[in-house]
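Coordinates as given in run.tsv (TSV, C-alpha atoms and all ligand atoms):
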```
chain	number	residue	atom	x	y	z
A	172	MET	CA	0.17	-29.76	8.58
A	173	ALA	CA	-1.15	-26.51	10.07
A	174	LYS	CA	-4.68	-25.79	8.87
A	175	TYR	CA	-5.64	-22.47	7.35
A	176	LYS	CA	-8.97	-20.78	6.90
A	177	LEU	CA	-9.58	-19.19	3.52
A	178	VAL	CA	-11.81	-16.12	3.72
A	179	ARG	CA	-11.73	-15.13	0.07
A	180	GLU	CA	-9.94	-15.87	-3.20
A	181	ILE	CA	-9.79	-13.10	-5.78
A	182	ASP	CA	-8.29	-13.51	-9.23
A	183	VAL	CA	-6.39	-10.71	-10.89
A	184	ARG	CA	-7.01	-11.45	-14.57
A	185	LEU	CA	-4.43	-9.92	-16.87
A	186	ALA	CA	-3.56	-10.76	-20.47
A	187	ASP	CA	-0.24	-12.43	-19.59
A	188	ASN	CA	-0.02	-12.47	-15.83
A	189	SER	CA	-3.15	-13.70	-14.06
A	190	TYR	CA	-2.74	-14.59	-10.39
A	191	PRO	CA	-4.73	-15.24	-7.24
A	192	ILE	CA	-5.00	-13.19	-4.07
A	193	LEU	CA	-5.70	-15.59	-1.20
A	194	ILE	CA	-7.01	-14.00	2.00
A	195	GLY	CA	-7.34	-15.97	5.19
A	196	GLN	CA	-5.96	-17.04	8.55
A	197	GLY	CA	-3.01	-19.36	9.13
A	198	ILE	CA	-1.80	-19.12	5.52
A	199	LEU	CA	1.79	-18.45	6.56
A	200	GLN	CA	1.98	-21.82	8.29
A	201	ASN	CA	0.55	-23.93	5.50
A	202	LYS	CA	3.27	-25.72	3.56
A	203	GLU	CA	1.05	-27.16	0.85
A	204	LEU	CA	-0.44	-23.76	0.04
A	205	ILE	CA	2.88	-21.89	-0.05
A	206	CYS	CA	4.62	-24.59	-2.09
A	207	ARG	CA	1.84	-24.54	-4.69
A	208	PHE	CA	3.36	-21.31	-6.00
A	209	LEU	CA	7.02	-22.37	-6.06
A	210	VAL	CA	8.39	-23.54	-9.37
A	211	SER	CA	11.71	-25.06	-8.34
A	212	LYS	CA	13.72	-26.18	-5.32
A	213	GLN	CA	15.20	-22.69	-4.89
A	214	VAL	CA	13.66	-19.90	-2.82
A	215	LEU	CA	14.95	-16.55	-1.57
A	216	ILE	CA	12.96	-14.91	1.22
A	217	VAL	CA	13.30	-11.13	1.48
A	218	THR	CA	12.18	-9.71	4.81
A	219	ASN	CA	13.30	-7.20	7.43
A	220	THR	CA	14.67	-7.40	10.98
A	221	THR	CA	11.23	-6.87	12.59
A	222	LEU	CA	9.36	-9.48	10.58
A	223	ALA	CA	12.28	-11.91	10.81
A	224	SER	CA	12.06	-11.88	14.60
A	225	PHE	CA	8.34	-12.67	14.55
A	226	TYR	CA	7.88	-15.06	11.65
A	227	LEU	CA	11.07	-16.19	9.91
A	228	PRO	CA	12.03	-19.28	11.94
A	229	SER	CA	8.61	-20.92	11.68
A	230	PHE	CA	8.17	-19.87	8.04
A	231	MET	CA	11.54	-21.38	7.11
A	232	THR	CA	10.59	-24.76	8.58
A	233	ILE	CA	7.95	-25.22	5.89
A	234	LEU	CA	10.63	-24.66	3.24
A	235	SER	CA	13.22	-26.93	4.86
A	236	ASP	CA	13.25	-29.40	1.97
A	237	ARG	CA	14.43	-26.69	-0.46
A	238	GLN	CA	17.42	-24.43	-0.96
A	239	CYS	CA	16.01	-21.60	1.11
A	240	ASP	CA	18.14	-18.45	1.37
A	241	VAL	CA	17.23	-15.30	3.24
A	242	VAL	CA	17.97	-11.57	2.99
A	243	ILE	CA	17.09	-9.65	6.14
A	244	LEU	CA	17.02	-5.92	5.43
A	245	PRO	CA	17.10	-3.21	8.06
A	246	ASP	CA	13.59	-1.94	8.86
A	247	GLY	CA	12.52	1.41	7.42
A	248	GLU	CA	11.57	3.43	4.34
A	249	GLU	CA	15.11	4.87	4.31
A	250	TYR	CA	16.39	1.40	3.37
A	251	LYS	CA	14.18	1.18	0.27
A	252	ASN	CA	17.26	1.97	-1.79
A	253	SER	CA	19.88	0.65	-4.18
A	254	ALA	CA	22.02	-0.71	-1.31
A	255	SER	CA	19.19	-3.02	-0.20
A	256	LEU	CA	18.55	-3.99	-3.80
A	257	ASN	CA	22.22	-4.92	-4.23
A	258	GLN	CA	22.08	-7.01	-1.07
A	259	ILE	CA	19.34	-9.08	-2.74
A	260	TYR	CA	21.22	-9.39	-6.05
A	261	GLU	CA	24.37	-10.45	-4.17
A	262	ALA	CA	22.51	-13.16	-2.30
A	263	LEU	CA	20.92	-14.42	-5.53
A	264	ILE	CA	24.19	-14.50	-7.44
A	265	SER	CA	26.42	-15.81	-4.65
A	266	LYS	CA	23.98	-18.62	-3.83
A	267	ALA	CA	23.65	-19.47	-7.55
A	268	HIS	CA	19.92	-18.87	-7.92
A	269	HIS	CA	18.70	-19.81	-11.38
A	270	ARG	CA	16.00	-18.30	-13.59
A	271	ASP	CA	13.42	-20.64	-12.05
A	272	THR	CA	14.03	-19.46	-8.48
A	273	THR	CA	11.26	-17.78	-6.47
A	274	LEU	CA	11.57	-14.57	-4.48
A	275	ILE	CA	9.18	-14.32	-1.55
A	276	ALA	CA	8.53	-10.89	-0.04
A	277	LEU	CA	7.60	-11.31	3.62
A	278	GLY	CA	6.87	-7.85	4.96
A	279	GLY	CA	5.12	-4.54	4.51
A	280	GLY	CA	5.07	-2.31	1.44
A	281	VAL	CA	8.77	-1.48	1.69
A	282	VAL	CA	9.92	-5.11	1.53
A	283	GLY	CA	7.31	-5.90	-1.15
A	284	ASP	CA	8.37	-3.02	-3.39
A	285	ILE	CA	12.13	-3.79	-3.17
A	286	ALA	CA	11.76	-7.56	-3.53
A	287	GLY	CA	9.39	-7.07	-6.47
A	288	PHE	CA	11.88	-4.84	-8.24
A	289	ALA	CA	14.69	-7.33	-7.59
A	290	ALA	CA	12.49	-10.15	-8.97
A	291	SER	CA	11.64	-8.12	-12.07
A	292	THR	CA	15.29	-7.47	-12.93
A	293	TYR	CA	17.25	-10.53	-11.73
A	294	GLN	CA	18.05	-12.54	-14.87
A	295	ARG	CA	15.36	-10.44	-16.62
A	296	GLY	CA	12.62	-11.59	-14.32
A	297	VAL	CA	12.02	-14.49	-11.90
A	298	ASN	CA	9.04	-15.94	-10.05
A	299	PHE	CA	7.75	-13.68	-7.26
A	300	ILE	CA	5.30	-14.13	-4.37
A	301	GLN	CA	3.96	-11.39	-2.13
A	302	ILE	CA	3.20	-12.18	1.52
A	303	PRO	CA	2.13	-8.73	2.75
A	304	THR	CA	2.18	-8.29	6.52
A	305	SER	CA	1.00	-4.70	7.13
A	306	LEU	CA	-2.60	-3.61	6.59
A	307	LEU	CA	-1.42	-1.07	4.02
A	308	ALA	CA	0.42	-3.72	2.03
A	309	GLN	CA	-2.51	-6.16	2.31
A	310	VAL	CA	-5.12	-3.76	0.96
A	311	ASP	CA	-2.94	-1.92	-1.51
A	312	ALA	CA	0.80	-2.26	-2.06
A	313	SER	CA	0.99	-6.02	-2.68
A	314	VAL	CA	-1.63	-6.04	-5.44
A	315	GLY	CA	-1.12	-4.66	-8.92
A	316	GLY	CA	2.55	-5.16	-9.67
A	317	LYS	CA	4.06	-1.75	-8.97
A	318	THR	CA	7.61	-2.24	-7.70
A	319	ALA	CA	10.19	0.40	-6.82
A	320	ILE	CA	13.09	1.69	-4.82
A	321	ASN	CA	13.62	5.30	-3.80
A	322	HIS	CA	16.33	7.56	-5.26
A	323	PRO	CA	17.96	10.21	-3.03
A	324	LEU	CA	16.16	12.77	-5.22
A	325	GLY	CA	12.71	11.20	-5.16
A	326	LYS	CA	10.46	8.47	-3.81
A	327	ASN	CA	9.70	5.39	-5.95
A	328	MET	CA	11.65	6.97	-8.84
A	329	ILE	CA	13.25	3.70	-10.00
A	330	GLY	CA	10.84	0.84	-10.56
A	331	SER	CA	8.89	-1.42	-12.85
A	332	PHE	CA	5.49	-3.01	-13.38
A	333	TYR	CA	5.95	-6.68	-12.48
A	334	GLN	CA	3.13	-8.88	-11.33
A	335	PRO	CA	3.58	-11.52	-8.61
A	336	LYS	CA	2.52	-15.14	-9.14
A	337	ALA	CA	0.36	-14.93	-6.01
A	338	VAL	CA	-0.52	-12.60	-3.16
A	339	LEU	CA	-0.96	-14.53	0.09
A	340	ILE	CA	-2.66	-12.46	2.81
A	341	ASP	CA	-2.57	-13.92	6.31
A	342	LEU	CA	-4.73	-11.70	8.53
A	343	GLU	CA	-3.28	-13.33	11.69
A	344	VAL	CA	0.02	-11.48	11.25
A	345	LEU	CA	-1.69	-8.12	11.74
A	346	LYS	CA	-1.76	-8.87	15.48
A	347	THR	CA	1.94	-8.01	15.79
A	348	LEU	CA	1.65	-4.77	13.78
A	349	SER	CA	1.76	-1.56	15.85
A	350	LEU	CA	-1.54	0.29	16.19
A	351	ARG	CA	-0.01	3.36	14.54
A	352	HIS	CA	1.02	1.39	11.43
A	353	PHE	CA	-2.34	-0.38	11.41
A	354	ARG	CA	-4.18	2.95	11.48
A	355	ALA	CA	-1.97	4.24	8.66
A	356	GLY	CA	-3.32	1.32	6.58
A	357	LEU	CA	-6.85	2.48	7.39
A	358	ALA	CA	-6.16	5.64	5.35
A	359	GLU	CA	-5.96	3.49	2.19
A	360	VAL	CA	-9.15	1.68	3.27
A	361	ILE	CA	-10.92	5.07	3.58
A	362	LYS	CA	-9.55	5.98	0.14
A	363	TYR	CA	-11.21	2.89	-1.40
A	364	ALA	CA	-14.45	3.66	0.49
A	365	ILE	CA	-14.58	7.17	-1.03
A	366	LEU	CA	-13.65	5.85	-4.49
A	367	VAL	CA	-16.55	3.36	-4.63
A	368	GLY	CA	-18.99	4.79	-2.04
A	369	GLY	CA	-22.19	2.87	-1.24
A	370	ALA	CA	-22.07	-0.20	1.01
A	371	LEU	CA	-18.29	-0.13	1.46
A	372	LEU	CA	-18.42	3.45	2.73
A	373	ASP	CA	-21.22	2.49	5.17
A	374	ASP	CA	-19.36	-0.58	6.40
A	375	VAL	CA	-16.07	1.27	6.84
A	376	ARG	CA	-17.87	4.00	8.80
A	377	THR	CA	-19.46	1.37	11.08
A	378	MET	CA	-16.13	-0.41	11.60
A	379	LEU	CA	-14.29	2.83	12.43
A	380	ALA	CA	-17.01	4.09	14.78
A	381	ALA	CA	-16.80	0.82	16.76
A	382	THR	CA	-13.01	0.83	17.00
A	383	THR	CA	-12.05	4.46	17.57
A	384	ASP	CA	-10.87	3.95	21.13
A	385	VAL	CA	-9.15	0.57	20.87
A	386	LYS	CA	-5.64	0.40	22.28
A	387	THR	CA	-4.19	-2.51	20.29
A	388	VAL	CA	-4.62	-4.14	16.91
A	389	SER	CA	-5.80	-7.34	18.64
A	390	GLU	CA	-8.53	-5.32	20.35
A	391	PHE	CA	-9.47	-3.81	16.98
A	392	LEU	CA	-9.79	-7.31	15.52
A	393	GLU	CA	-11.92	-8.44	18.47
A	394	VAL	CA	-14.26	-5.45	18.34
A	395	SER	CA	-14.66	-5.42	14.57
A	396	ASP	CA	-15.76	-8.66	12.96
A	397	ASN	CA	-15.62	-7.45	9.37
A	398	LEU	CA	-12.02	-6.40	8.77
A	399	SER	CA	-11.31	-9.53	6.71
A	400	ASP	CA	-14.30	-8.76	4.51
A	401	ILE	CA	-13.19	-5.15	4.10
A	402	VAL	CA	-9.62	-6.20	3.22
A	403	ALA	CA	-11.09	-8.54	0.58
A	404	ARG	CA	-13.30	-5.81	-0.88
A	405	CYS	CA	-10.35	-3.39	-1.11
A	406	CYS	CA	-8.29	-6.08	-2.92
A	407	GLN	CA	-11.23	-6.74	-5.24
A	408	ILE	CA	-11.45	-3.05	-6.17
A	409	LYS	CA	-7.72	-2.84	-6.77
A	410	ALA	CA	-7.80	-6.04	-8.85
A	411	GLU	CA	-10.61	-4.67	-11.03
A	412	VAL	CA	-8.85	-1.35	-11.59
A	413	VAL	CA	-5.54	-3.07	-12.41
A	414	GLN	CA	-7.35	-5.40	-14.84
A	415	GLN	CA	-8.67	-2.36	-16.72
A	416	ASP	CA	-5.43	-0.39	-16.68
A	417	GLU	CA	-2.35	-2.38	-15.66
A	418	ARG	CA	0.17	0.34	-16.48
A	419	GLU	CA	-1.71	3.36	-15.20
A	420	SER	CA	-2.52	5.09	-18.45
A	421	GLY	CA	-6.04	5.92	-17.27
A	422	VAL	CA	-8.36	4.75	-14.52
A	423	ARG	CA	-5.60	3.35	-12.26
A	424	ALA	CA	-4.49	6.93	-11.54
A	425	LEU	CA	-7.69	7.33	-9.47
A	426	LEU	CA	-6.10	5.05	-6.84
A	427	ASN	CA	-3.83	8.01	-6.14
A	428	LEU	CA	-6.67	9.90	-4.45
A	429	GLY	CA	-5.06	11.89	-1.61
A	430	HIS	CA	-1.54	10.99	-2.71
A	431	THR	CA	-0.50	14.23	-4.51
A	432	VAL	CA	-0.53	16.26	-1.30
A	433	GLY	CA	0.35	13.16	0.76
A	434	HIS	CA	3.59	12.48	-1.15
A	435	ALA	CA	4.52	16.19	-1.01
A	436	LEU	CA	4.03	16.21	2.79
A	437	GLU	CA	6.20	13.11	3.14
A	438	ALA	CA	8.96	14.70	1.04
A	439	TYR	CA	8.64	18.04	2.88
A	440	THR	CA	9.44	16.37	6.19
A	441	HIS	CA	12.03	14.01	4.64
A	442	TYR	CA	9.76	11.05	5.50
A	443	SER	CA	10.31	11.70	9.21
A	444	GLN	CA	7.03	13.10	10.54
A	445	TRP	CA	4.28	10.96	9.05
A	446	LEU	CA	3.91	7.37	7.93
A	447	HIS	CA	2.82	7.06	4.31
A	448	GLY	CA	-0.82	6.38	5.29
A	449	GLU	CA	-0.86	9.32	7.71
A	450	ALA	CA	0.33	11.71	4.98
A	451	VAL	CA	-2.30	10.23	2.65
A	452	ALA	CA	-4.93	10.91	5.33
A	453	ILE	CA	-4.10	14.64	5.30
A	454	GLY	CA	-4.01	14.40	1.49
A	455	LEU	CA	-7.53	12.93	1.45
A	456	TYR	CA	-8.86	15.85	3.48
A	457	CYS	CA	-7.09	18.32	1.12
A	458	ALA	CA	-8.57	16.47	-1.89
A	459	ALA	CA	-12.03	16.88	-0.34
A	460	LEU	CA	-11.52	20.62	0.22
A	461	LEU	CA	-10.14	21.08	-3.30
A	462	SER	CA	-13.05	19.10	-4.75
A	463	HIS	CA	-15.48	21.38	-2.90
A	464	LEU	CA	-13.88	24.43	-4.53
A	465	GLN	CA	-13.23	22.95	-7.96
A	466	CYS	CA	-16.17	20.68	-8.72
A	467	GLY	CA	-18.79	21.44	-6.11
A	468	LEU	CA	-18.35	18.45	-3.78
A	469	LYS	CA	-21.07	18.92	-1.16
A	470	GLN	CA	-19.94	20.20	2.23
A	471	ASP	CA	-21.69	17.19	3.85
A	472	LEU	CA	-19.30	14.79	2.14
A	473	VAL	CA	-16.28	16.95	3.01
A	474	ASN	CA	-17.41	16.69	6.65
A	475	GLU	CA	-18.01	12.96	6.31
A	476	ILE	CA	-14.46	12.37	5.00
A	477	ASP	CA	-13.10	14.48	7.86
A	478	GLU	CA	-15.15	12.42	10.31
A	479	LEU	CA	-13.95	9.07	8.91
A	480	LEU	CA	-10.33	10.18	9.28
A	481	PHE	CA	-11.08	11.38	12.80
A	482	LEU	CA	-12.68	8.03	13.72
A	483	ALA	CA	-9.60	6.24	12.40
A	484	ARG	CA	-7.50	8.53	14.64
A	485	LEU	CA	-5.54	9.75	11.63
A	486	PRO	CA	-4.07	13.23	11.15
A	487	ARG	CA	-6.23	15.46	8.90
A	488	ARG	CA	-4.70	18.94	9.05
A	489	ILE	CA	-1.51	20.50	7.67
A	490	PRO	CA	0.55	21.85	10.60
A	491	VAL	CA	0.95	25.66	10.65
A	492	SER	CA	4.71	25.22	10.46
A	493	VAL	CA	4.50	23.85	6.88
A	494	ASP	CA	5.47	26.36	4.16
A	495	LEU	CA	2.65	25.92	1.62
A	496	ASN	CA	4.72	27.34	-1.28
A	497	ALA	CA	7.46	24.79	-0.66
A	498	LEU	CA	4.81	22.07	-0.45
A	499	ARG	CA	3.37	23.19	-3.80
A	500	ILE	CA	6.82	23.00	-5.43
A	501	LEU	CA	7.26	19.46	-4.14
A	502	MET	CA	4.11	18.44	-6.01
A	503	ASN	CA	6.03	18.97	-9.26
A	504	THR	CA	7.53	15.48	-9.04
A	505	ASP	CA	4.05	13.87	-8.98
A	506	LYS	CA	3.82	10.94	-11.40
A	507	LYS	CA	0.40	12.06	-12.69
A	508	ILE	CA	1.96	15.12	-14.36
A	509	LYS	CA	1.20	15.12	-18.09
A	510	ASN	CA	2.44	17.77	-20.54
A	511	ASN	CA	3.90	19.55	-17.52
A	512	THR	CA	0.43	19.91	-15.98
A	513	LEU	CA	-0.34	18.67	-12.49
A	514	ARG	CA	-3.48	16.53	-12.39
A	515	PHE	CA	-5.47	15.93	-9.22
A	516	VAL	CA	-7.83	13.10	-8.35
A	517	LEU	CA	-11.00	14.95	-7.34
A	518	ILE	CA	-14.28	13.82	-5.82
A	519	ARG	CA	-17.65	14.76	-7.33
A	520	GLY	CA	-19.52	12.57	-4.87
A	521	GLU	CA	-19.14	9.19	-3.16
A	522	GLY	CA	-18.14	6.61	-5.76
A	523	ASP	CA	-17.52	9.34	-8.34
A	524	CYS	CA	-13.89	10.44	-8.66
A	525	PHE	CA	-12.05	11.77	-11.72
A	526	LEU	CA	-8.70	13.16	-12.84
A	527	ASP	CA	-8.65	16.94	-13.30
A	528	GLY	CA	-5.84	18.83	-15.03
A	529	GLN	CA	-7.62	22.21	-14.79
A	530	VAL	CA	-7.08	23.06	-11.13
A	531	THR	CA	-5.90	26.69	-10.87
A	532	GLU	CA	-3.12	27.77	-8.54
A	533	THR	CA	-5.61	30.03	-6.74
A	534	LYS	CA	-7.96	27.17	-5.90
A	535	LEU	CA	-5.12	24.87	-4.89
A	536	GLU	CA	-3.73	27.59	-2.63
A	537	ALA	CA	-7.17	28.20	-1.08
A	538	ALA	CA	-7.71	24.47	-0.43
A	539	LEU	CA	-4.28	24.05	1.18
A	540	GLU	CA	-4.81	27.15	3.32
A	541	SER	CA	-8.13	25.88	4.63
A	542	ALA	CA	-6.52	22.52	5.46
A	543	VAL	CA	-4.04	24.22	7.80
A	544	GLU	CA	-4.51	23.47	11.50
A	545	GLY	CA	-6.74	26.00	13.23
A	546	GLU	CA	-8.22	27.41	9.97
A	601	LIG	N1	3.53	-0.91	-4.83
A	601	LIG	C1	2.45	-0.24	-4.55
A	601	LIG	O1	1.45	-0.28	-5.27
A	601	LIG	C2	2.41	0.57	-3.28
A	601	LIG	C3	1.20	1.10	-2.83
A	601	LIG	C4	1.18	1.79	-1.62
A	601	LIG	C5	2.36	1.96	-0.89
A	601	LIG	N2	3.52	1.42	-1.38
A	601	LIG	C6	4.77	1.56	-0.62
A	601	LIG	O2	4.62	0.83	0.59
A	601	LIG	C7	5.44	1.41	1.61
A	601	LIG	C8	4.60	1.59	2.86
A	601	LIG	O3	4.16	0.32	3.24
A	601	LIG	P1	3.94	-0.06	4.78
A	601	LIG	O4	3.07	0.95	5.39
A	601	LIG	O5	3.61	-1.48	4.82
A	601	LIG	O6	5.39	0.23	5.39
A	601	LIG	P2	6.53	-0.77	5.93
A	601	LIG	O7	6.82	-1.81	4.97
A	601	LIG	O8	7.64	0.12	6.36
A	601	LIG	O9	5.84	-1.43	7.21
A	601	LIG	C9	5.47	-0.62	8.28
A	601	LIG	C10	6.14	-1.06	9.59
A	601	LIG	O10	5.42	-2.16	10.10
A	601	LIG	C11	6.31	-3.25	10.33
A	601	LIG	N3	5.52	-4.45	10.08
A	601	LIG	C12	4.93	-4.83	8.92
A	601	LIG	N4	4.16	-5.91	9.13
A	601	LIG	C13	4.27	-6.23	10.43
A	601	LIG	C14	3.71	-7.24	11.26
A	601	LIG	N5	2.83	-8.12	10.77
A	601	LIG	N6	4.06	-7.27	12.56
A	601	LIG	C15	4.92	-6.35	13.08
A	601	LIG	N7	5.45	-5.35	12.36
A	601	LIG	C16	5.14	-5.30	11.06
A	601	LIG	C17	7.45	-3.04	9.38
A	601	LIG	O11	8.60	-3.71	9.81
A	601	LIG	C18	7.58	-1.51	9.45
A	601	LIG	O12	8.30	-1.15	10.60
A	601	LIG	C19	5.95	2.72	1.04
A	601	LIG	O13	7.29	2.53	0.65
A	601	LIG	C20	5.08	2.96	-0.18
A	601	LIG	O14	5.74	3.68	-1.19
A	601	LIG	C21	3.56	0.73	-2.53
```
Rewritten as structure tokens:
Amino acid sequence: MAKYKLVREIDVRLADNSYPILIGQGILQNKELICRFLVSKQVLIVTNTTLASFYLPSFMTILSDRQCDVVILPDGEEYKNSASLNQIYEALISKAHHRDTTLIALGGGVVGDIAGFAASTYQRGVNFIQIPTSLLAQVDASVGGKTAINHPLGKNMIGSFYQPKAVLIDLEVLKTLSLRHFRAGLAEVIKYAILVGGALLDDVRTMLAATTDVKTVSEFLEVSDNLSDIVARCCQIKAEVVQQDERESGVRALLNLGHTVGHALEAYTHYSQWLHGEAVAIGLYCAALLSHLQCGLKQDLVNEIDELLFLARLPRRIPVSVDLNALRILMNTDKKIKNNTLRFVLIRGEGDCFLDGQVTETKLEAALESAVEGE
């Protein structure tokens, strides 16, 4: 049996749904490890065309002694919809999957979110395993149990909180991820570094400075020897936040740092111009500027955040072509709105973020204007 190397095991401890996050190399090829989390002889793998071409045949061989069915979705955020969800339900029903079946999500955040929602609703909830394959999904989307599909009128509008039975992170698979998608995942890593500050911020800065000019993900992994440690620390932070606030009634909202403007930018361009992480990167810079105006974040840290995003080769500025009024209106679908008031995650200093419902339109306007390219 193929050997795997375990880098870290992190437990997400929840009242009803505790589960492990296993981080390592070669996990995808280890039958004993994968089968540990299956509860019956039935499995449905949900993946997409890209991941299927790289990993499906070999992954299926380790499940050959079970009823193993597969749904291969088209690749793309635009397929995170009810049609894809129905494709999964149809496979489950037509192949007679029972309540003790297991859904395995093999893919990035899109596949993980759809498969998780299908698992949470099929026969009122079945066993679910996340095998995240993009950096963004490994450090963020696969942990914490948020599942969703998009509605034509809004992103992630239909969803549920539903925890997986395990999150299995195989760092080897990152080698086939495009550099652009990999860098988009770095935006979420920078978000965690700002949220906790200290050693993580230092280590992320060192990693980014050493890898700015790499041309491939494999080169990134060769140059930087601490990505696996950084992935583990991001998962640990997310696990701790989710343990405190599983359903986002408080502290979990801080994980949305940079996302209010980021989501609005994605919607403004109909998800066509930026990847999610790229839009979040611009959102992080806007959050820094807004924090400077609203709560006195020091200019040095604003510059530092800008520099981190630059080192990660991520976009940081709003293009001049963007209509800021239209962008502001798009923020009205933000899920942090309470009593009709938009709340922003702001930064007082490294490791010191908070939710602020008192941001005035004037300050928001000023921050957005100074984030525009060339300002
Ligand atoms: N549930 C949550 O808590 C949460 C958190 C953050 C983001 N999300 C969601 O996650 C999605 C974004 O996730 P994403 O950035 O992973 O996007 P994605 O799932 O679209 O993956 C990005 C691209 O990389 C490809 N890919 C993934 N892994 C690969 C690999 N190992 N080798 C080659 N190609 C690979 C995919 O096929 C896709 O083309 C959004 O829909 C967002 O809403 C969810």
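Note that atom CA of A:Tyr226 and atom CA of A:Val451 are 28.7 Å apart.
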Quiz prompt | Expected answer as a list in words: residues within 6 Å of ligand LIG 601 (chain A), all atoms listed in the file | solution =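 Here is the list of contacting residues: Thr221, Leu222, Asp246, Gly247, Glu248, Gly278, Gly279, Gly280, Val281, Val282, Asp284, Thr304, Ser305, Leu307, Ala308, Asp311, Ala312, Lys317, Thr318, Val344, Leu345, Thr347, Leu348, His352 and His447 of chain A.
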Would you save the residues of that selection, restricted to C-alpha atoms, as a PDB file, in the coordinates of the input?
```
ATOM      1  CA  THR A 221      11.230  -6.870  12.590  1.00  0.00           C
ATOM      2  CA  LEU A 222       9.360  -9.480  10.580  1.00  0.00           C
ATOM      3  CA  ASP A 246      13.590  -1.940   8.860  1.00  0.00           C
ATOM      4  CA  GLY A 247      12.520   1.410   7.420  1.00  0.00           C
ATOM      5  CA  GLU A 248      11.570   3.430   4.340  1.00  0.00           C
ATOM      6  CA  GLY A 278       6.870  -7.850   4.960  1.00  0.00           C
ATOM      7  CA  GLY A 279       5.120  -4.540   4.510  1.00  0.00           C
ATOM      8  CA  GLY A 280       5.070  -2.310   1.440  1.00  0.00           C
ATOM      9  CA  VAL A 281       8.770  -1.480   1.690  1.00  0.00           C
ATOM     10  CA  VAL A 282       9.920  -5.110   1.530  1.00  0.00           C
ATOM     11  CA  ASP A 284       8.370  -3.020  -3.390  1.00  0.00           C
ATOM     12  CA  THR A 304       2.180  -8.290   6.520  1.00  0.00           C
ATOM     13  CA  SER A 305       1.000  -4.700   7.130  1.00  0.00           C
ATOM     14  CA  LEU A 307      -1.420  -1.070   4.020  1.00  0.00           C
ATOM     15  CA  ALA A 308       0.420  -3.720   2.030  1.00  0.00           C
ATOM     16  CA  ASP A 311      -2.940  -1.920  -1.510  1.00  0.00           C
ATOM     17  CA  ALA A 312       0.800  -2.260  -2.060  1.00  0.00           C
ATOM     18  CA  LYS A 317       4.060  -1.750  -8.970  1.00  0.00           C
ATOM     19  CA  THR A 318       7.610  -2.240  -7.700  1.00  0.00           C
ATOM     20  CA  VAL A 344       0.020 -11.480  11.250  1.00  0.00           C
ATOM     21  CA  LEU A 345      -1.690  -8.120  11.740  1.00  0.00           C
ATOM     22  CA  THR A 347       1.940  -8.010  15.790  1.00  0.00           C
ATOM     23  CA  LEU A 348       1.650  -4.770  13.780  1.00  0.00           C
ATOM     24  CA  HIS A 352       1.020   1.390  11.430  1.00  0.00           C
ATOM     25  CA  HIS A 447       2.820   7.060   4.310  1.00  0.00           C
TER      26      HIS A 447
END
```
Practice problem: Would you mind reading off the distance between atom CA of A:Pro323 and atom CA of A:Ser253, one decimal, in Å? | Solution: 9.8 Å
Exercise. Find the residues around A:Lys251 up to 6 Å (only C-alpha atoms counted), leave out those fewer than 2 positions away in its own chain, and share them as a list in words.
Key: Glu248, Glu249, Ile320 and Asn321 of chain A
Practice problem: Using all atoms listed in the file, pick whichever of A:Gly283, A:Val385, A:Ala410, A:Ile361 has the shortest atom-to-atom distance to A:Asp373. | Solution: A:Ile361
Quiz prompt | Counting all atoms listed in the file, the option among A:Leu426, A:Ala435, A:Leu193, A:Ile476 closest to A:Pro303 | solution =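 Among A:Leu426, A:Ala435, A:Leu193, A:Ile476, it is A:Leu193 that comes nearest to A:Pro303.
The shortest atom-to-atom distance to A:Thr272, with all atoms listed in the file taken into account, belongs to A:Ile216 out of A:Cys405, A:Leu244, A:Cys466, A:Ile216.
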Quiz item: Which polymer residues have any atom within 9 Å of an atom of A:Glu203, counting only C-alpha atoms, with same-chain residues fewer than 2 positions away left out, as an NGL selection string?
Solution: :A and (172 or 201 or 205-207 or 233)
Pull C-alpha atoms from the residues just selected and write them as a PDB file, in the coordinates of the input.
```pdb
ATOM      1  CA  MET A 172       0.170 -29.760   8.580  1.00  0.00           C
ATOM      2  CA  ASN A 201       0.550 -23.930   5.500  1.00  0.00           C
ATOM      3  CA  ILE A 205       2.880 -21.890  -0.050  1.00  0.00           C
ATOM      4  CA  CYS A 206       4.620 -24.590  -2.090  1.00  0.00           C
ATOM      5  CA  ARG A 207       1.840 -24.540  -4.690  1.00  0.00           C
ATOM      6  CA  ILE A 233       7.950 -25.220   5.890  1.00  0.00           C
TER       7      ILE A 233
END
```
Quiz item: Which protein, DNA or RNA residues have an atom at most 12 Å from (-14.5, 24.4, -4.6), counting all atoms listed in the file? List them as a list of chain:residue names.
Solution: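 Residues with an atom at most 12 Å from (-14.5, 24.4, -4.6): A:Cys457, A:Ala458, A:Ala459, A:Leu460, A:Leu461, A:Ser462, A:His463, A:Leu464, A:Gln465, A:Cys466, A:Gly467, A:Leu468, A:Lys469, A:Gln470, A:Val473, A:Leu517, A:Ile518, A:Arg519, A:Val530, A:Thr531, A:Thr533, A:Lys534, A:Leu535, A:Glu536, A:Ala537, A:Ala538, A:Leu539, A:Ser541.
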Exercise. To one decimal in Å, tell me the separation between atom CA of A:Ile275 and atom CA of A:Phe332.
Key: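 One can read the atom CA of A:Ile275 to atom CA of A:Phe332 distance as 16.8 Å.
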